[in-house]
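S.K.: Input file: run08.cif. Contents: mmCIF, C-alpha atoms.
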```cif
data_start
loop_
_atom_site.label_atom_id
_atom_site.label_comp_id
_atom_site.auth_asym_id
_atom_site.auth_seq_id
_atom_site.Cartn_x
_atom_site.Cartn_y
_atom_site.Cartn_z
CA MET A 128 59.22 92.71 84.83
CA THR A 129 59.46 89.00 84.01
CA SER A 130 60.60 87.72 80.63
CA ALA A 131 61.53 84.31 79.30
CA VAL A 132 65.09 83.41 78.46
CA ASP A 133 65.63 82.93 74.75
CA ALA A 134 67.29 79.94 73.14
CA VAL A 135 70.81 81.27 73.61
CA ARG A 136 70.11 82.38 77.19
CA SER A 137 71.05 85.99 76.63
CA VAL A 138 70.67 88.48 79.48
CA GLU A 139 70.60 92.22 78.74
CA LEU A 140 71.14 94.59 81.68
CA VAL A 141 72.03 98.23 82.25
CA GLU A 142 74.67 99.31 84.72
CA HIS A 143 73.20 100.18 88.15
CA ALA A 144 69.65 99.83 86.80
CA PRO A 145 66.81 98.49 88.98
CA THR A 146 66.58 94.75 89.49
CA THR A 147 65.40 92.68 86.52
CA ARG A 148 63.41 89.47 87.02
CA LEU A 149 64.08 86.70 84.52
CA ALA A 150 63.06 83.09 84.04
CA LEU A 151 66.27 81.05 84.33
CA PRO A 152 67.09 77.41 85.02
CA ASP A 153 68.45 77.12 88.55
CA ALA A 154 71.83 75.91 87.25
CA ALA A 155 72.17 79.02 85.10
CA GLY A 156 71.10 81.30 87.94
CA ARG A 157 73.60 79.74 90.32
CA ALA A 158 76.35 80.11 87.71
CA LEU A 159 75.59 83.81 87.35
CA ALA A 160 75.56 84.26 91.12
CA ALA A 161 78.93 82.51 91.45
CA SER A 162 80.47 84.50 88.59
CA GLY A 163 80.30 87.86 90.37
CA VAL A 164 79.55 89.54 87.04
CA VAL A 165 76.07 90.55 88.29
CA ASP A 166 74.13 90.19 91.51
CA ALA A 167 71.83 87.19 91.14
CA ALA A 168 69.39 85.70 93.64
CA PRO A 169 66.41 83.33 93.30
CA ASP A 170 62.96 84.79 93.85
CA PRO A 171 61.79 83.46 97.23
CA TYR A 172 58.17 83.23 96.09
CA THR A 173 58.30 82.22 92.41
CA PRO A 174 60.31 79.10 91.43
CA GLY A 175 62.43 79.50 88.30
CA ILE A 176 62.56 83.30 88.56
CA TRP A 177 65.85 85.02 89.34
CA ALA A 178 66.42 88.64 90.33
CA LEU A 179 69.41 90.11 88.46
CA ARG A 180 71.09 93.46 88.93
CA ALA A 181 74.23 94.84 87.30
CA GLY A 182 76.76 96.82 89.29
CA SER A 183 79.57 98.94 87.90
CA LYS A 184 81.04 96.33 85.54
CA VAL A 185 80.02 96.82 81.91
CA GLY A 186 80.69 94.70 78.84
CA ALA A 187 79.80 91.21 77.69
CA VAL A 188 80.68 87.76 79.03
CA ALA A 189 79.64 84.17 78.47
CA VAL A 190 79.27 82.16 81.69
CA THR A 191 79.38 78.38 81.53
CA VAL A 192 76.62 76.42 83.22
CA PRO A 193 77.75 73.34 85.19
CA GLY A 194 76.24 70.13 83.88
CA GLY A 195 76.84 70.82 80.21
CA GLY A 196 74.12 73.34 79.48
CA PRO A 197 74.66 76.18 77.00
CA PRO A 198 76.46 79.23 78.40
CA VAL A 199 74.56 82.29 79.58
CA THR A 200 75.61 85.44 77.73
CA VAL A 201 75.41 88.57 79.87
CA ARG A 202 75.62 92.04 78.33
CA VAL A 203 75.78 95.04 80.63
CA THR A 204 75.34 98.39 78.90
CA PRO A 205 77.00 101.46 80.43
CA LYS A 206 74.84 104.45 81.29
CA VAL A 207 77.17 106.82 79.46
CA PRO A 208 77.36 106.57 75.65
CA VAL A 209 80.11 104.31 74.36
CA ALA A 210 81.86 107.24 72.65
CA ARG A 211 82.08 109.06 76.01
CA LEU A 212 83.36 105.94 77.70
CA PHE A 213 86.17 105.71 75.16
CA PHE A 214 87.08 109.34 75.79
CA LEU A 215 87.37 108.61 79.54
CA LEU A 216 89.49 105.56 78.81
CA GLY A 217 91.72 107.27 76.25
CA TYR A 218 92.35 110.34 78.36
CA SER A 219 93.16 108.23 81.43
CA LEU A 220 95.67 106.19 79.46
CA ASP A 221 97.35 109.05 77.59
CA PRO A 222 96.30 112.58 78.56
CA LYS A 223 99.16 114.25 76.68
CA ARG A 224 97.69 113.25 73.33
CA SER A 225 94.50 114.76 71.99
CA TRP A 226 91.79 112.22 72.85
CA ARG A 227 88.53 113.61 71.56
CA ASP A 228 85.44 112.28 69.81
CA GLY A 229 86.56 110.57 66.63
CA GLU A 230 90.13 110.06 67.89
CA VAL A 231 89.22 106.49 68.76
CA GLU A 232 86.58 105.49 66.25
CA VAL A 233 83.71 103.30 67.38
CA ALA A 234 81.72 103.57 64.11
CA GLU A 235 78.06 102.72 64.53
CA HIS A 236 78.68 100.20 67.30
CA ARG A 237 76.64 100.99 70.41
CA ASP A 238 77.68 97.96 72.48
CA LEU A 239 80.96 98.07 74.34
CA LEU A 240 82.69 94.94 73.05
CA PRO A 241 82.00 95.50 69.32
CA ALA A 242 83.07 99.14 69.72
CA LEU A 243 86.25 98.12 71.52
CA ALA A 244 87.13 95.48 68.92
CA TYR A 245 86.50 97.97 66.12
CA ALA A 246 88.60 100.67 67.82
CA VAL A 247 91.53 98.33 68.44
CA GLU A 248 91.50 97.02 64.87
CA ARG A 249 91.42 100.54 63.41
CA GLN A 250 94.25 101.73 65.63
CA VAL A 251 96.38 98.66 64.90
CA ASP A 252 95.78 99.14 61.18
CA GLN A 253 96.94 102.76 61.38
CA ALA A 254 99.99 101.76 63.40
CA LEU A 255 101.07 99.13 60.85
CA ARG A 256 100.43 101.09 57.65
CA GLN A 257 104.08 102.08 57.38
CA GLY A 258 105.19 98.54 58.17
CA LEU A 259 106.08 96.83 61.42
CA LEU A 260 108.15 98.86 63.84
CA GLN A 261 111.68 97.53 64.29
CA GLY A 262 114.00 97.88 67.22
CA TYR A 263 116.92 96.32 69.01
CA ARG A 264 116.33 93.28 71.18
CA ALA A 265 118.94 91.88 73.55
CA THR A 266 119.61 88.24 72.61
CA GLU A 267 121.62 85.54 74.34
CA GLU A 268 122.15 82.20 72.64
CA SER A 269 124.50 79.36 71.79
CA ALA A 270 125.96 79.83 68.29
CA LEU A 271 128.49 78.16 66.00
CA VAL A 272 130.01 81.53 65.11
CA VAL A 273 130.92 84.48 67.27
CA ARG A 274 128.36 87.28 67.06
CA GLY A 275 128.40 90.21 69.45
CA ARG A 276 130.33 89.43 72.61
CA ILE A 277 131.22 86.08 74.18
CA ARG A 278 129.55 85.37 77.51
CA GLU A 279 132.68 84.06 79.16
CA ALA A 280 131.07 82.97 82.43
CA GLU A 281 128.40 80.98 80.60
CA GLN A 282 130.99 79.53 78.20
CA ILE A 283 133.00 78.17 81.12
CA ARG A 284 129.94 76.99 83.10
CA ARG A 285 128.19 75.26 80.21
CA ARG A 286 131.02 74.32 77.84
CA PHE A 287 133.97 74.08 80.25
CA GLY A 288 135.75 76.61 78.05
CA ALA A 289 135.55 74.47 74.90
CA MET A 290 134.11 75.86 71.66
CA PRO A 291 132.12 75.76 69.45
CA PRO A 292 129.29 76.28 70.18
CA VAL A 293 129.90 79.70 71.68
CA GLU A 294 127.76 81.44 74.29
CA VAL A 295 127.20 84.91 72.82
CA ALA A 296 125.14 88.04 73.54
CA TYR A 297 124.22 90.68 70.99
CA ASP A 298 121.59 93.26 70.08
CA GLU A 299 119.43 92.16 67.17
CA PHE A 300 117.51 94.62 64.97
CA THR A 301 114.14 92.94 64.57
CA THR A 302 110.36 93.34 64.45
CA ASP A 303 110.02 90.91 67.37
CA ILE A 304 109.90 93.70 69.96
CA ALA A 305 107.64 94.57 72.89
CA GLU A 306 105.39 96.93 70.93
CA ASN A 307 104.54 94.35 68.26
CA ARG A 308 104.10 91.59 70.84
CA ILE A 309 101.55 93.67 72.76
CA LEU A 310 99.60 94.45 69.58
CA ARG A 311 99.51 90.78 68.62
CA ALA A 312 98.39 89.76 72.12
CA GLY A 313 95.59 92.34 72.10
CA VAL A 314 94.36 91.23 68.68
CA GLU A 315 94.43 87.56 69.66
CA ARG A 316 92.58 88.26 72.91
CA LEU A 317 89.77 89.97 71.02
CA LEU A 318 89.57 87.10 68.52
CA ARG A 319 88.85 84.72 71.41
CA LEU A 320 85.92 86.76 72.72
CA PRO A 321 82.30 86.09 71.80
CA GLY A 322 80.32 88.97 70.40
CA VAL A 323 82.91 90.49 68.05
CA PRO A 324 81.11 91.36 64.77
CA ARG A 325 81.99 89.21 61.78
CA ASP A 326 83.41 92.04 59.68
CA VAL A 327 85.58 93.26 62.58
CA ARG A 328 86.75 89.72 63.27
CA ARG A 329 87.79 89.35 59.64
CA ARG A 330 89.90 92.50 59.84
CA LEU A 331 91.40 91.40 63.15
CA LEU A 332 92.48 88.15 61.47
CA HIS A 333 94.21 90.26 58.81
CA GLN A 334 96.08 92.23 61.49
CA ARG A 335 97.14 89.01 63.19
CA ALA A 336 98.55 87.78 59.88
CA ARG A 337 100.62 90.97 59.58
CA LEU A 338 102.04 90.21 63.04
CA ALA A 339 102.58 86.49 62.38
CA ASP A 340 106.39 86.66 62.71
CA VAL A 341 106.15 88.25 66.16
CA THR A 342 106.46 85.98 69.19
CA ALA A 343 103.07 85.30 70.79
CA ILE A 344 102.67 86.02 74.50
CA VAL A 345 101.61 82.91 76.38
CA ARG A 346 98.58 83.28 78.67
CA GLY A 347 99.70 84.14 82.17
CA GLN A 348 103.04 85.45 80.95
CA PRO A 349 103.72 89.08 81.98
CA LEU A 350 103.41 91.67 79.26
CA PRO A 351 106.66 93.25 78.08
CA ASP A 352 107.33 96.86 79.02
CA TRP A 353 107.54 99.66 76.49
CA LEU A 354 108.31 103.35 76.73
CA PRO A 355 106.76 106.08 74.57
CA THR A 356 109.36 107.56 72.22
CA ARG A 357 109.45 109.52 69.00
CA LEU A 358 110.12 106.28 67.14
CA ASN A 359 106.98 104.49 68.33
CA ALA A 360 104.67 107.54 68.22
CA ARG A 361 102.48 106.00 65.49
CA TYR A 362 101.98 102.93 67.68
CA GLN A 363 100.99 104.64 70.91
CA HIS A 364 97.20 104.85 70.53
CA ALA A 365 97.07 101.20 69.48
CA LEU A 366 99.34 100.15 72.35
CA HIS A 367 97.22 101.93 74.94
CA LEU A 368 94.04 100.28 73.70
CA ALA A 369 95.70 96.86 73.45
CA ARG A 370 96.96 97.19 77.02
CA ALA A 371 93.45 98.12 78.13
CA VAL A 372 92.27 94.81 76.66
CA LEU A 373 95.06 92.87 78.35
CA ASP A 374 95.68 94.56 81.70
CA GLY A 375 93.29 92.79 83.99
CA VAL A 376 90.07 94.17 82.50
CA SER A 377 89.24 91.00 80.63
CA ALA A 378 87.27 88.23 82.28
CA GLU A 379 88.70 84.82 81.59
CA HIS A 380 89.06 82.71 84.70
CA THR A 381 87.81 79.54 86.29
CA PRO A 382 86.68 79.97 89.91
CA GLY A 383 85.97 76.44 91.05
CA GLY A 384 85.49 75.10 87.55
CA LEU A 385 83.24 77.95 86.44
CA ARG A 386 84.48 79.47 83.20
CA ILE A 387 83.88 83.07 82.18
CA ASP A 388 84.87 84.32 78.74
CA GLY A 389 84.38 87.94 77.86
CA PHE A 390 85.38 91.50 78.49
CA LEU A 391 84.39 93.85 81.31
CA PHE A 392 85.24 97.41 82.21
CA ASP A 393 85.05 98.38 85.87
CA MET A 394 83.44 101.81 85.72
CA ASN A 395 84.56 102.49 89.30
CA LYS A 396 88.21 102.28 88.29
CA LEU A 397 87.68 104.01 84.95
CA PHE A 398 85.99 107.00 86.61
CA GLU A 399 88.61 107.17 89.37
CA ASP A 400 91.44 107.06 86.84
CA PHE A 401 89.90 109.76 84.68
CA VAL A 402 89.16 112.16 87.54
CA THR A 403 92.59 111.88 89.13
CA VAL A 404 94.55 112.03 85.86
CA ALA A 405 92.47 114.96 84.56
CA LEU A 406 92.96 116.86 87.84
CA ARG A 407 96.69 116.20 87.77
CA GLU A 408 96.91 117.54 84.22
CA ALA A 409 94.83 120.58 85.19
CA PHE A 410 97.22 121.40 88.04
CA ARG A 411 100.15 121.17 85.65
CA THR A 412 98.63 123.73 83.31
CA THR A 413 97.77 126.26 86.02
CA GLY A 414 101.42 127.19 86.55
CA SER A 415 100.82 127.38 90.30
CA GLY A 416 103.63 124.95 91.09
CA HIS A 417 101.38 122.58 93.03
CA THR A 418 102.13 118.85 92.84
CA ALA A 419 99.45 116.14 92.67
CA ARG A 420 100.17 112.60 93.79
CA LEU A 421 97.82 109.76 92.92
CA GLN A 422 97.09 106.95 95.38
CA ASP A 423 99.31 108.69 97.91
CA THR A 424 99.94 106.68 101.08
CA HIS A 425 99.35 108.23 104.51
CA HIS A 426 98.49 106.93 107.99
CA LEU A 427 95.56 107.71 110.25
CA ASP A 428 97.24 106.94 113.57
CA GLU A 429 100.47 108.04 115.20
CA ALA A 430 101.81 104.48 115.20
CA ALA A 431 101.39 104.33 111.40
CA ALA A 432 99.43 101.09 111.70
CA ILE A 433 96.31 102.25 109.81
CA ARG A 434 97.17 103.05 106.22
CA MET A 435 95.14 105.39 104.01
CA LYS A 436 95.42 105.90 100.25
CA PRO A 437 93.39 108.86 99.02
CA ASP A 438 92.92 108.94 95.26
CA LEU A 439 94.69 112.31 95.01
CA VAL A 440 96.60 114.53 97.42
CA LEU A 441 97.64 118.02 96.32
CA TYR A 442 100.83 119.54 97.74
CA GLU A 443 101.84 123.18 98.05
CA PRO A 444 104.66 124.44 95.81
CA ALA A 445 107.07 124.93 98.70
CA GLY A 446 107.61 122.55 101.57
CA GLY A 447 105.61 119.62 100.27
CA ILE A 448 102.68 120.29 102.65
CA PRO A 449 99.29 118.74 101.71
CA CYS A 450 96.76 121.39 100.74
CA ALA A 451 93.85 119.36 99.28
CA VAL A 452 92.56 115.79 99.18
CA VAL A 453 90.21 114.16 96.64
CA ASP A 454 88.43 110.83 96.37
CA ALA A 455 86.52 109.84 93.22
CA LYS A 456 83.42 107.68 93.69
CA TYR A 457 81.49 106.16 90.81
CA LYS A 458 78.55 104.49 92.47
CA ALA A 459 74.80 104.43 92.65
CA GLU A 460 73.25 106.95 94.98
CA LYS A 461 70.85 106.23 97.77
CA ARG A 462 67.47 107.93 97.55
CA GLY A 463 68.57 110.50 100.11
CA GLY A 464 71.94 111.25 98.50
CA TYR A 465 75.40 109.70 98.45
CA PRO A 466 76.53 107.00 100.90
CA ASP A 467 77.44 108.24 104.40
CA ALA A 468 80.51 105.97 104.51
CA ASP A 469 82.20 108.20 101.94
CA LEU A 470 81.83 111.16 104.31
CA TYR A 471 83.39 109.25 107.19
CA GLN A 472 86.30 108.22 105.00
CA MET A 473 86.91 111.79 103.82
CA LEU A 474 86.69 113.06 107.41
CA ALA A 475 89.50 110.68 108.32
CA TYR A 476 91.60 111.96 105.41
CA CYS A 477 91.08 115.60 106.39
CA THR A 478 91.89 114.92 110.03
CA ALA A 479 95.10 113.05 109.28
CA LEU A 480 96.23 115.59 106.68
CA ARG A 481 95.17 118.61 108.76
CA LEU A 482 92.88 120.00 106.09
CA ARG A 483 89.75 122.08 106.63
CA GLU A 484 88.08 120.84 103.46
CA GLY A 485 87.81 117.52 101.65
CA HIS A 486 86.42 116.82 98.19
CA LEU A 487 84.42 113.82 96.99
CA VAL A 488 83.81 113.66 93.23
CA TYR A 489 80.93 111.59 91.86
CA ALA A 490 79.50 110.92 88.46
CA LYS A 491 76.46 113.17 88.07
CA GLY A 492 73.27 111.59 89.36
CA ASN A 493 70.43 112.65 91.61
CA ALA A 494 72.30 115.00 93.93
CA PRO A 495 73.96 118.27 92.87
CA HIS A 496 76.97 119.78 94.59
CA THR A 497 76.55 119.89 98.34
CA ALA A 498 78.71 120.54 101.38
CA HIS A 499 78.62 119.21 104.95
CA GLU A 500 80.20 121.01 107.89
CA VAL A 501 81.32 118.52 110.56
CA ARG A 502 80.27 119.45 114.09
CA HIS A 503 83.05 120.46 116.51
CA ALA A 504 85.71 119.83 113.86
CA GLY A 505 85.63 122.87 111.58
CA ILE A 506 85.91 120.58 108.55
CA VAL A 507 83.75 120.96 105.45
CA ILE A 508 83.30 118.01 103.10
CA HIS A 509 82.25 118.87 99.54
CA GLN A 510 80.46 116.47 97.23
CA HIS A 511 80.88 117.40 93.57
CA ALA A 512 79.08 115.84 90.60
CA LEU A 513 80.67 115.55 87.14
CA ASP A 514 78.35 115.19 84.17
CA LEU A 515 79.97 112.50 82.03
CA ASP A 516 77.36 112.80 79.29
CA GLN A 517 78.76 116.00 77.81
CA GLU A 518 81.31 116.94 75.19
CA PRO A 519 84.92 116.22 76.21
CA THR A 520 85.79 119.94 76.15
CA GLY A 521 83.00 120.71 78.60
CA LEU A 522 83.96 117.84 80.86
CA LEU A 523 87.60 118.91 81.00
CA THR A 524 86.54 122.50 81.66
CA ALA A 525 84.52 121.29 84.65
CA VAL A 526 87.58 119.44 85.95
CA GLU A 527 89.72 122.56 85.51
CA MET A 528 87.22 124.62 87.54
CA LEU A 529 87.38 122.02 90.29
CA ALA A 530 91.18 122.13 90.19
CA GLN A 531 91.12 125.91 90.69
CA ARG A 532 88.95 125.43 93.75
CA LEU A 533 91.26 122.80 95.20
CA VAL A 534 94.28 125.06 94.93
CA ASN A 535 92.57 127.45 97.36
CA THR A 536 91.56 124.81 99.93
CA PRO A 537 92.42 126.10 103.44
CA ARG A 538 94.39 124.11 106.00
CA VAL A 539 93.44 123.54 109.65
#
```
I'd like the structure from this file rewritten - as structure tokens, please.

M.R.:
Amino acid sequence: MTSAVDAVRSVELVEHAPTTRLALPDAAGRALAASGVVDAAPDPYTPGIWALRAGSKVGAVAVTVPGGGPPVTVRVTPKVPVARLFFLLGYSLDPKRSWRDGEVEVAEHRDLLPALAYAVERQVDQALRQGLLQGYRATEESALVVRGRIREAEQIRRRFGAMPPVEVAYDEFTTDIAENRILRAGVERLLRLPGVPRDVRRRLLHQRARLADVTAIVRGQPLPDWLPTRLNARYQHALHLARAVLDGVSAEHTPGGLRIDGFLFDMNKLFEDFVTVALREAFRTTGSGHTARLQDTHHLDEAAAIRMKPDLVLYEPAGGIPCAVVDAKYKAEKRGGYPDADLYQMLAYCTALRLREGHLVYAKGNAPHTAHEVRHAGIVIHQHALDLDQEPTGLLTAVEMLAQRLVNTPRV
């Protein structure tokens, strides 16, 4: 279908949907092609028409057009409802807490970025209702009075032993701690993104004002580490969502002068994280004693030159022997089923790990569960399909049933 581009050059696509044909200036089409946000190619027969197709990245970005034209705004809608997407995200980040519908509110927002901004603002507001969290921060400085302990080595190196000032180190009880810095950075990142609703933006500005005395994190500076404790329990939902905004899932870069501002989720990674984390939690609750390792490194050859990293390897309770292997694949299916390359990859895993069965887990699509027995190898490769568009309880039950099956996987 061909449609004209509106005045703001807005492109609406659906993840993994068929190709959309749009009228675009060549400069805008080339910018989209170079961005990598979507697949873009000019129509070979119709000038000014571009074929666009979204992959597994969902969200909204504004792509600059070289030559000074207005940016092209691209919105990619996920196939799963936004509320389900937030359940996958929340459970992957913090499975020990009860992430269910309503735990992370998205209100009436159906688009990803407005829903994300709303959820972060609500969680930050809940975290700060009792005031800013305080903690001890290690501080080293030059002072006119002695506070804490004197840094003797620095005093001699910098001051040649003379004083004042005095080089001191002490622990300061302050609100300028890692947790508050991460919240402020997440709020500020969202305020820089286009597409945040006006009412949500207003509330985000209020949250930034509450965090005004906290040191801002400079772009490119690594985020501070934090550990979940009883003291920061009220912050943890907000921290997880803020880290999701900041940890490499936001698009803001300049490849060769091309600027992209926005926010994207990679559904491939989100699905992989959810499946492996949910399986690991399911194994823990079975009481079987099995151990699951995520992204576990193994080698295909005897010389250990060819490295493999299955998404999940399950080990027997005694002896640490692999007993099951899983790879999660969120991708579009071919008309005849799932890609053959996945089968070859799983065959390599089973061979190297000496397993009779391997398990590929896909998001539910055209093909139901199926199994392939490899000729002359005695290896069976299972392809499972998880229905993401169901209630969280049902989805986790499906994962638990899969976990029970994996525990009984035979070895070669």

S.K.: Pull the neighbourhood of (61.8, 93.5, 87.1) for me: all residues within 12 Å in file coordinates, counting only C-alpha atoms, as number ranges by chain.

M.R.: A: 128-130, 140, 144-150, 170, 176-180

S.K.: Restrict the selected residues to C-alpha atoms and save them as a short mmCIF file (atom, residue, chain, number, x, y, z; two decimals), in the frame of the given file.

M.R.:
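File out07.cif, as written:
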```
data_model
loop_
_atom_site.label_atom_id
_atom_site.label_comp_id
_atom_site.auth_asym_id
_atom_site.auth_seq_id
_atom_site.Cartn_x
_atom_site.Cartn_y
_atom_site.Cartn_z
CA MET A 128 59.22 92.71 84.83
CA THR A 129 59.46 89.00 84.01
CA SER A 130 60.60 87.72 80.63
CA LEU A 140 71.14 94.59 81.68
CA ALA A 144 69.65 99.83 86.80
CA PRO A 145 66.81 98.49 88.98
CA THR A 146 66.58 94.75 89.49
CA THR A 147 65.40 92.68 86.52
CA ARG A 148 63.41 89.47 87.02
CA LEU A 149 64.08 86.70 84.52
CA ALA A 150 63.06 83.09 84.04
CA ASP A 170 62.96 84.79 93.85
CA ILE A 176 62.56 83.30 88.56
CA TRP A 177 65.85 85.02 89.34
CA ALA A 178 66.42 88.64 90.33
CA LEU A 179 69.41 90.11 88.46
CA ARG A 180 71.09 93.46 88.93
#
```

S.K.: Please determine, counting all atoms listed in the file, which residue among A:Met435, A:Val203, A:Leu533, A:Ala254 has the shortest atom-to-atom distance to Arg407 in chain A.

M.R.: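 Under the stated criterion, the closest residue is A:Leu533.
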
S.K.: Enter the distance from CA of Gln257 in chain A to CA of Arg325 in chain A, in Å, rounded to one decimal.

M.R.: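 Calculated distance between CA of Gln257 in chain A and CA of Arg325 in chain A is 25.9 Å.
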
S.K.: List, as number ranges by chain, every residue that the PyMOL selection byres ((chain A and resi 501) around 12) selects in the file provided.

M.R.: A: 470-471, 473-475, 477-478, 483-485, 498-500, 502-509

S.K.: For the file shown, what are the residues hit by the PyMOL selection byres ((chain A and resi 303-315) around 8), laid out as a PyMOL selection string?

M.R.: chain A and resi 247-248+251+259-264+301-302+316-319+331+334-335+338+340-344+350-353+362+365-366+369-370+372-373

S.K.: Quick check, in Å to one decimal: how far apart do CA of Glu408 in chain A and CA of Leu421 in chain A lie?

M.R.: 11.7 Å

S.K.: Could you tell me how far CA of Arg237 in chain A lies from CA of Pro208 in chain A, in Å and to one decimal?

M.R.: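 Pair CA of Arg237 in chain A / CA of Pro208 in chain A returns 7.7 Å.
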
S.K.: From the list A:Arg337, A:Arg420, A:Lys223, A:Arg136, which residue is nearest Pro197 in chain A when using only C-alpha atoms?

M.R.: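 Closest to Pro197 in chain A of all the choices is A:Arg136.
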
S.K.: Choose the residue, out of A:Leu406, A:Phe401, A:Ala242, A:Ser415, that has the smallest atom-to-atom separation from Phe214 in chain A; count all atoms listed in the file.

M.R.: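 Using all atoms listed in the file, Phe214 in chain A sits closest to A:Phe401.
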
S.K.: From the set A:Gln517, A:Asn395, A:Thr524, A:Thr418, which residue has the shortest atom-to-atom contact distance to Pro449 in chain A, counting all atoms listed in the file?

M.R.: A:Thr418

S.K.: May I ask which of the residues A:Met394, A:Gly217, A:Ala445, A:Ala168 is the closest one to His143 in chain A, counting only C-alpha atoms?

M.R.: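 Answer, going by the shortest atom-to-atom distance: A:Met394.
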
S.K.: Would you kindly identify which residues have an atom no farther than 7 Å from (82.9, 103.2, 72.7), using only C-alpha atoms and the file's own coordinates, and write them out as a ChimeraX atom specification?

M.R.: /A:209-213,233,239,242-243

S.K.: Do you know which residues are at most 7 Å from Val327 in chain A counting all atoms listed in the file, after dropping those on the same chain fewer than 3 positions away, and could you put them as a list in words?

M.R.: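 Listed by chain and then number, they are Ala244, Tyr245, Val323, Pro324, Arg330 and Leu331 of chain A.
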